[in-house]
Structure formats: C-alpha cells, structure tokens
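**Q** Mind having a look at this structure? Questions to follow.
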Amino acid sequence: MALLPILEFPDPRLRKVAAPVTDFGDGLRTLVDNMLDTMYKAEGIGLAATQVNVHKRLLVIDISEEKDSPHIFINPEFEVIEEELQDYQEGCLSVPGFFEEVSRPRAIRVKARDQRGEEFEHEARGLLAVCIQHEIDHLDGKLFVDYLSPLKRQRIRSKLEKEHRKSA
C-alpha cells in the first residue's frame with residue numbers, strides 16, 4: 001500500500017467540492033486501502049478523499065481503540081435524526097496540532113455505498129456521528145475551522161502558514 005500526502009489548511013484544494021464516485025472497480029479499492037493506511041499512519045480517526053487531493057465523495061473512518069474496525073462511506077449523505085447538539089473537541093489531519101470545540105447534531109442517519117457499490121444505511125451517534133459529519137464537510141469543501149470565530153480561524157491559518165514557510 002502507498003501512503004498519500006495529506007493537504008493542510010489553508011491549501012485551496014481543500015475547498016474543492018468532491019464529485020460522486022461512479023467507478024467501483026479496482027482503482028477504488030486501491031484508493032480505499034491507501035487512505036486507510038494513510039489515516040492509520042497519521043494516527044487519525046477519519047480521512048476524506050479531498051484531504052489527499054482526490055476529489056471524489058469517499059471517506060474512511062475508524063474510531064476503534066484497536067484500529068481494526070474501518071467504516072467506508074462512498075457518496076455519503078446524512079440526515080439529522082436527533083437535533084440536540086453535542087460539543088466535541090475536533091482535530092483534523094489537515095489542520096495539524098489544533099483542537100477546538102465544535103457543536104454538531106448528536107445523531108444522524110447516513111446513506112452511502114460500500115466498495116462494491118451496494119447502498120446501505122447506518123445510524124450513528126456520539127463520536128461516529130461527529131466524524132461522519134466532519135468528513136462529509138471535507139467532501140463539500142468545508143473545514144472544522146469554518147465553525148470557529150474569524151479571529152480563531154485566522155490565528156490557526158497564520159500559525160500553519162508560518163510552519164509551512166519554515167519547512168519549505
């Protein structure tokens with residue numbers, strides 16, 4: 001498997017809206033495997049294809065302690081089934097080193113396809129619901145920093161730009 005480079009905020013490619021997946025062949029399976037390897041190596045719990053500069057509606061998540069229970073969602077859509085909001089400290093592989101509180105609906109129902117193109121539905125609560133919403137935001141060109149105040153967002157942007165200049 002190959003590790004994929006992860007785009008970092010404020011890279012404009014993170015703002016591109018992903019297109020639906022239409023080809024469920026071997027290339028998709030390879031991409032899913034590479035995304036899982038990349039996510040595990042980066043010690044993340046979720047990764048959207050947009051974050052690895054592939055603008056297709058695909059995301060992978062694994063919130064298990066053992067890192068052995070991956071969820072794959074292709075062309076995901078969700079609906080809120082519990083309006084009450086929950087606050088979570090969210091982080092992001094594309095915004096390394098920053099964790100901020102974000103409020104999201106407590107429970108959702110996601111409809112997606114698996115790697116064979118078969119449709120499925122799944123109800124998610126708690127951390128899994130947060131992760132799904134966070135990763136679908138990536139597919140829509142949105143980042144968790146967009147939920148923060150403009151001042152906080154600018155502070156994070158400035159710090160990451162400074163880090164990028166140092167490492168260039």
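Residue numbering restarts at 1 in every chain; chains get A, B, ... in the order shown in the structure tokens, and ligands count up from 1 in that same order.
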Leaving out Glu90 in chain A and any residue of its chain fewer than 4 positions from it, which residues lie within 7 Å of it when counting only C-alpha atoms, given as a PDB file with N, CA and C atoms, in the first residue's frame?
**A**
ATOM      1  N   PHE A  99      -6.958  21.691  18.139  1.00  0.00           N
ATOM      2  CA  PHE A  99      -8.187  21.044  18.581  1.00  0.00           C
ATOM      3  C   PHE A  99      -9.095  22.136  19.118  1.00  0.00           C
ATOM      4  N   GLU A 100     -10.310  22.180  18.612  1.00  0.00           N
ATOM      5  CA  GLU A 100     -11.264  23.208  19.021  1.00  0.00           C
ATOM      6  C   GLU A 100     -12.640  22.573  19.193  1.00  0.00           C
ATOM      7  N   GLU A 101     -13.432  23.157  20.079  1.00  0.00           N
ATOM      8  CA  GLU A 101     -14.773  22.653  20.331  1.00  0.00           C
ATOM      9  C   GLU A 101     -15.716  23.064  19.208  1.00  0.00           C
ATOM     10  N   VAL A 102     -16.441  22.069  18.683  1.00  0.00           N
ATOM     11  CA  VAL A 102     -17.421  22.284  17.617  1.00  0.00           C
ATOM     12  C   VAL A 102     -18.717  21.603  18.045  1.00  0.00           C
TER      13      VAL A 102
END
**Q** Please provide the set of residues having any atom within 12 Å of Tyr88 in chain A, restricted to only C-alpha atoms, with same-chain residues fewer than 3 positions apart removed, written as a PyMOL selection string.
**A** chain A and resi 85+91+99-106+126-131+134+144
**Q** Any chance you can output those residues with N, CA and C atoms as a PDB file, in the first residue's frame?
**A**
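Output below, filename again-v7.pdb:
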ATOM      1  N   LEU A  85     -27.640  19.280  19.985  1.00  0.00           N
ATOM      2  CA  LEU A  85     -26.232  19.396  19.621  1.00  0.00           C
ATOM      3  C   LEU A  85     -25.345  18.829  20.723  1.00  0.00           C
ATOM      4  N   GLY A  91     -10.287  17.723  15.985  1.00  0.00           N
ATOM      5  CA  GLY A  91      -8.998  17.950  15.378  1.00  0.00           C
ATOM      6  C   GLY A  91      -9.107  17.486  13.938  1.00  0.00           C
ATOM      7  N   PHE A  99      -6.958  21.691  18.139  1.00  0.00           N
ATOM      8  CA  PHE A  99      -8.187  21.044  18.581  1.00  0.00           C
ATOM      9  C   PHE A  99      -9.095  22.136  19.118  1.00  0.00           C
ATOM     10  N   GLU A 100     -10.310  22.180  18.612  1.00  0.00           N
ATOM     11  CA  GLU A 100     -11.264  23.208  19.021  1.00  0.00           C
ATOM     12  C   GLU A 100     -12.640  22.573  19.193  1.00  0.00           C
ATOM     13  N   GLU A 101     -13.432  23.157  20.079  1.00  0.00           N
ATOM     14  CA  GLU A 101     -14.773  22.653  20.331  1.00  0.00           C
ATOM     15  C   GLU A 101     -15.716  23.064  19.208  1.00  0.00           C
ATOM     16  N   VAL A 102     -16.441  22.069  18.683  1.00  0.00           N
ATOM     17  CA  VAL A 102     -17.421  22.284  17.617  1.00  0.00           C
ATOM     18  C   VAL A 102     -18.717  21.603  18.045  1.00  0.00           C
ATOM     19  N   SER A 103     -19.850  22.246  17.796  1.00  0.00           N
ATOM     20  CA  SER A 103     -21.166  21.674  18.113  1.00  0.00           C
ATOM     21  C   SER A 103     -21.772  21.085  16.849  1.00  0.00           C
ATOM     22  N   ARG A 104     -22.220  19.840  16.969  1.00  0.00           N
ATOM     23  CA  ARG A 104     -22.866  19.156  15.843  1.00  0.00           C
ATOM     24  C   ARG A 104     -24.051  18.345  16.366  1.00  0.00           C
ATOM     25  N   PRO A 105     -24.997  18.001  15.476  1.00  0.00           N
ATOM     26  CA  PRO A 105     -26.118  17.155  15.900  1.00  0.00           C
ATOM     27  C   PRO A 105     -25.632  15.833  16.501  1.00  0.00           C
ATOM     28  N   ARG A 106     -26.333  15.399  17.531  1.00  0.00           N
ATOM     29  CA  ARG A 106     -25.952  14.223  18.321  1.00  0.00           C
ATOM     30  C   ARG A 106     -26.109  12.905  17.551  1.00  0.00           C
ATOM     31  N   GLY A 126     -22.916   9.971  18.816  1.00  0.00           N
ATOM     32  CA  GLY A 126     -21.665  10.255  19.500  1.00  0.00           C
ATOM     33  C   GLY A 126     -20.512  10.524  18.554  1.00  0.00           C
ATOM     34  N   LEU A 127     -19.349   9.969  18.899  1.00  0.00           N
ATOM     35  CA  LEU A 127     -18.130  10.241  18.146  1.00  0.00           C
ATOM     36  C   LEU A 127     -18.252   9.842  16.677  1.00  0.00           C
ATOM     37  N   LEU A 128     -18.887   8.708  16.384  1.00  0.00           N
ATOM     38  CA  LEU A 128     -19.025   8.303  14.987  1.00  0.00           C
ATOM     39  C   LEU A 128     -19.854   9.319  14.205  1.00  0.00           C
ATOM     40  N   ALA A 129     -20.924   9.815  14.800  1.00  0.00           N
ATOM     41  CA  ALA A 129     -21.755  10.832  14.127  1.00  0.00           C
ATOM     42  C   ALA A 129     -20.940  12.096  13.862  1.00  0.00           C
ATOM     43  N   VAL A 130     -20.134  12.505  14.835  1.00  0.00           N
ATOM     44  CA  VAL A 130     -19.288  13.689  14.669  1.00  0.00           C
ATOM     45  C   VAL A 130     -18.304  13.467  13.528  1.00  0.00           C
ATOM     46  N   CYS A 131     -17.653  12.306  13.521  1.00  0.00           N
ATOM     47  CA  CYS A 131     -16.658  12.016  12.479  1.00  0.00           C
ATOM     48  C   CYS A 131     -17.278  12.015  11.086  1.00  0.00           C
ATOM     49  N   HIS A 134     -17.970  15.572  10.091  1.00  0.00           N
ATOM     50  CA  HIS A 134     -16.693  16.266   9.854  1.00  0.00           C
ATOM     51  C   HIS A 134     -16.128  15.890   8.488  1.00  0.00           C
ATOM     52  N   PHE A 144     -13.347  22.135   9.715  1.00  0.00           N
ATOM     53  CA  PHE A 144     -13.879  22.410  11.047  1.00  0.00           C
ATOM     54  C   PHE A 144     -13.549  23.829  11.510  1.00  0.00           C
TER      55      PHE A 144
END
**Q** So what do you get for CA of Arg15 in chain A versus CA of Ser69 in chain A, distance-wise?
**A**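 Going from CA of Arg15 in chain A over to CA of Ser69 in chain A, I get 28.7 Å.
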**Q** Under the rule that only C-alpha atoms are counted, which of A:Ala112, A:Leu14, A:Leu28, A:Leu4 is the nearest residue to Lys41 in chain A?
**A** A:Leu4
**Q** Can you tell me, as a VMD selection string, what residues are no more than 12 Å from Val32 in chain A when counting only C-alpha atoms, ignoring any on the same chain fewer than 2 positions away?
**A** chain A and resid 1 to 4 24 to 30 34 to 39 47 to 49 52 54 56 to 61 70 to 74 114 to 116
**Q** With only C-alpha atoms as the basis for distance, which of A:Asn53, A:Gln89, A:Asn75, A:Thr22 is at the shortest distance from Leu148 in chain A?
**A** A:Gln89
**Q** Could you write out, as a PyMOL selection string, all the residues of range 86-144 of chain A that DSSP marks as helix (DSSP H, G or I)?
**A** chain A and resi 126-139+144
**Q** Could you please take those selected residues and save C-alpha atoms as a JSON list (two decimals), in the first residue's frame?
**A**
[["chain", "number", "residue", "atom", "x", "y", "z"],
["A", 126, "GLY", "CA", -21.66, 10.26, 19.50],
["A", 127, "LEU", "CA", -18.13, 10.24, 18.15],
["A", 128, "LEU", "CA", -19.02, 8.30, 14.99],
["A", 129, "ALA", "CA", -21.75, 10.83, 14.13],
["A", 130, "VAL", "CA", -19.29, 13.69, 14.67],
["A", 131, "CYS", "CA", -16.66, 12.02, 12.48],
["A", 132, "ILE", "CA", -19.09, 11.35, 9.63],
["A", 133, "GLN", "CA", -20.29, 14.96, 9.66],
["A", 134, "HIS", "CA", -16.69, 16.27, 9.85],
["A", 135, "GLU", "CA", -15.55, 14.13, 6.91],
["A", 136, "ILE", "CA", -18.62, 14.91, 4.77],
["A", 137, "ASP", "CA", -17.83, 18.58, 5.37],
["A", 138, "HIS", "CA", -14.45, 17.93, 3.70],
["A", 139, "LEU", "CA", -16.24, 16.50, 0.65],
["A", 144, "PHE", "CA", -13.88, 22.41, 11.05]]
**Q** With a distance cut-off of 8 Å and only C-alpha atoms, select the neighbouring residues of range 156-168 of chain A, excluding the residue or stretch itself and same-chain residues fewer than 3 positions from it, and output the selection as a tab-separated table (two decimals) with all heavy atoms, in the first residue's frame.
**A**
chain	number	residue	atom	x	y	z
A	9	PHE	N	-4.47	22.89	5.65
A	9	PHE	CA	-5.04	24.23	5.67
A	9	PHE	C	-3.91	25.24	5.68
A	9	PHE	O	-2.93	25.03	6.39
A	9	PHE	CB	-5.92	24.37	6.92
A	9	PHE	CG	-6.54	25.71	7.13
A	9	PHE	CD1	-7.56	26.15	6.31
A	9	PHE	CD2	-6.13	26.53	8.17
A	9	PHE	CE1	-8.15	27.39	6.52
A	9	PHE	CE2	-6.71	27.76	8.39
A	9	PHE	CZ	-7.72	28.19	7.56
A	10	PRO	N	-3.95	26.29	4.86
A	10	PRO	CA	-5.06	26.79	4.06
A	10	PRO	C	-5.01	26.40	2.58
A	10	PRO	O	-5.48	27.16	1.74
A	10	PRO	CB	-4.92	28.30	4.22
A	10	PRO	CG	-3.44	28.51	4.29
A	10	PRO	CD	-2.90	27.30	5.01
A	95	VAL	N	-5.43	20.05	9.60
A	95	VAL	CA	-5.19	21.20	10.47
A	95	VAL	C	-4.39	20.69	11.67
A	95	VAL	O	-4.87	20.66	12.79
A	95	VAL	CB	-6.52	21.88	10.92
A	95	VAL	CG1	-6.26	23.20	11.64
A	95	VAL	CG2	-7.45	22.11	9.73
A	98	PHE	N	-4.09	21.39	16.11
A	98	PHE	CA	-5.14	22.24	16.65
A	98	PHE	C	-6.38	21.42	16.98
A	98	PHE	O	-6.79	20.55	16.19
A	98	PHE	CB	-5.52	23.34	15.65
A	98	PHE	CG	-4.41	24.34	15.47
A	98	PHE	CD1	-3.47	24.16	14.48
A	98	PHE	CD2	-4.31	25.44	16.31
A	98	PHE	CE1	-2.43	25.06	14.30
A	98	PHE	CE2	-3.28	26.35	16.15
A	98	PHE	CZ	-2.33	26.16	15.15
A	152	LYS	N	-10.19	33.21	15.62
A	152	LYS	CA	-9.54	31.91	15.86
A	152	LYS	C	-9.07	31.29	14.55
A	152	LYS	O	-7.98	30.73	14.46
A	152	LYS	CB	-10.50	30.94	16.56
A	152	LYS	CG	-10.54	31.06	18.04
A	152	LYS	CD	-11.36	29.92	18.63
A	152	LYS	CE	-11.41	30.01	20.12
A	152	LYS	NZ	-12.19	28.92	20.70
A	153	ARG	N	-9.92	31.35	13.53
A	153	ARG	CA	-9.58	30.77	12.23
A	153	ARG	C	-8.32	31.45	11.65
A	153	ARG	O	-7.42	30.77	11.17
A	153	ARG	CB	-10.76	30.90	11.27
A	153	ARG	CG	-10.58	30.19	9.95
A	153	ARG	CD	-11.84	30.11	9.11
A	153	ARG	NE	-12.60	31.34	9.02
A	153	ARG	CZ	-13.77	31.56	9.65
A	153	ARG	NH1	-14.31	30.64	10.40
A	153	ARG	NH2	-14.40	32.72	9.49
**Q** So which one's closest to Arg125 in chain A, A:Glu84, A:Asp146, A:Asp140, A:Asp33? Using only C-alpha atoms, please.
**A** A:Glu84
**Q** Nearest residue to Pro76 in chain A out of A:Gly141, A:Pro20, A:Pro150, A:Pro12, using only C-alpha atoms?
**A**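 Using only C-alpha atoms, Pro76 in chain A sits closest to A:Pro20.
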**Q** Mind giving me the straight-line distance from CA of Arg109 in chain A to CA of Ala19 in chain A in Å, one decimal?
**A**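 Spanning CA of Arg109 in chain A to CA of Ala19 in chain A is a straight-line distance of 21.1 Å.
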**Q** What is the distance, in Å and to one decimal place, between CA of Thr50 in chain A and CA of Val17 in chain A?
**A**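 Between CA of Thr50 in chain A and CA of Val17 in chain A the gap is 8.1 Å.
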**Q** Rank nothing, just name the residue among A:Val21, A:Ile45, A:Cys92, A:Ala107 nearest to Leu7 in chain A, using only C-alpha atoms.
**A**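 Smallest distance to Leu7 in chain A is found for A:Cys92.
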**Q** If DSSP is run on the backbone, what residues of range 49-115 of chain A are strand (DSSP E)? A reply as a JSON list (two decimals) with C-alpha atoms, in the first residue's frame would be ideal.
**A**
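File result.json, as written:
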[["chain", "number", "residue", "atom", "x", "y", "z"],
["A", 58, "LEU", "CA", -15.28, 8.91, -0.39],
["A", 59, "LEU", "CA", -14.33, 8.81, 3.28],
["A", 60, "VAL", "CA", -12.87, 6.31, 5.71],
["A", 61, "ILE", "CA", -13.30, 6.27, 9.49],
["A", 71, "HIS", "CA", -16.01, 2.21, 8.06],
["A", 72, "ILE", "CA", -16.03, 3.13, 4.36],
["A", 73, "PHE", "CA", -18.63, 5.55, 3.05],
["A", 74, "ILE", "CA", -18.88, 6.24, -0.67],
["A", 75, "ASN", "CA", -21.19, 9.02, -1.91],
["A", 76, "PRO", "CA", -22.44, 9.59, 1.66],
["A", 77, "GLU", "CA", -25.43, 11.73, 2.54],
["A", 78, "PHE", "CA", -26.84, 12.20, 6.00],
["A", 79, "GLU", "CA", -29.94, 13.42, 7.75],
["A", 80, "VAL", "CA", -30.17, 14.59, 11.32],
["A", 81, "ILE", "CA", -32.29, 12.28, 13.49],
["A", 82, "GLU", "CA", -31.61, 13.99, 16.81],
["A", 83, "GLU", "CA", -31.50, 17.78, 16.70],
["A", 84, "GLU", "CA", -29.80, 18.20, 20.08],
["A", 85, "LEU", "CA", -26.23, 19.40, 19.62],
["A", 86, "GLN", "CA", -23.18, 17.89, 21.26],
["A", 87, "ASP", "CA", -19.82, 19.57, 21.70],
["A", 88, "TYR", "CA", -16.64, 17.72, 20.78],
["A", 89, "GLN", "CA", -13.01, 18.76, 20.70],
["A", 90, "GLU", "CA", -12.37, 18.27, 17.00],
["A", 91, "GLY", "CA", -9.00, 17.95, 15.38],
["A", 92, "CYS", "CA", -8.11, 17.31, 11.77],
["A", 95, "VAL", "CA", -5.19, 21.20, 10.47],
["A", 96, "PRO", "CA", -2.40, 19.52, 12.46],
["A", 97, "GLY", "CA", -1.86, 20.42, 16.08],
["A", 98, "PHE", "CA", -5.14, 22.24, 16.65],
["A", 99, "PHE", "CA", -8.19, 21.04, 18.58],
["A", 100, "GLU", "CA", -11.26, 23.21, 19.02],
["A", 101, "GLU", "CA", -14.77, 22.65, 20.33],
["A", 102, "VAL", "CA", -17.42, 22.28, 17.62],
["A", 103, "SER", "CA", -21.17, 21.67, 18.11],
["A", 104, "ARG", "CA", -22.87, 19.16, 15.84],
["A", 105, "PRO", "CA", -26.12, 17.15, 15.90],
["A", 106, "ARG", "CA", -25.95, 14.22, 18.32],
["A", 107, "ALA", "CA", -27.36, 11.55, 16.00],
["A", 108, "ILE", "CA", -27.58, 11.11, 12.23],
["A", 109, "ARG", "CA", -28.64, 8.56, 9.64],
["A", 110, "VAL", "CA", -26.15, 8.19, 6.82],
["A", 111, "LYS", "CA", -26.91, 6.64, 3.45],
["A", 112, "ALA", "CA", -23.91, 5.62, 1.36],
["A", 113, "ARG", "CA", -22.46, 2.91, -0.85]]
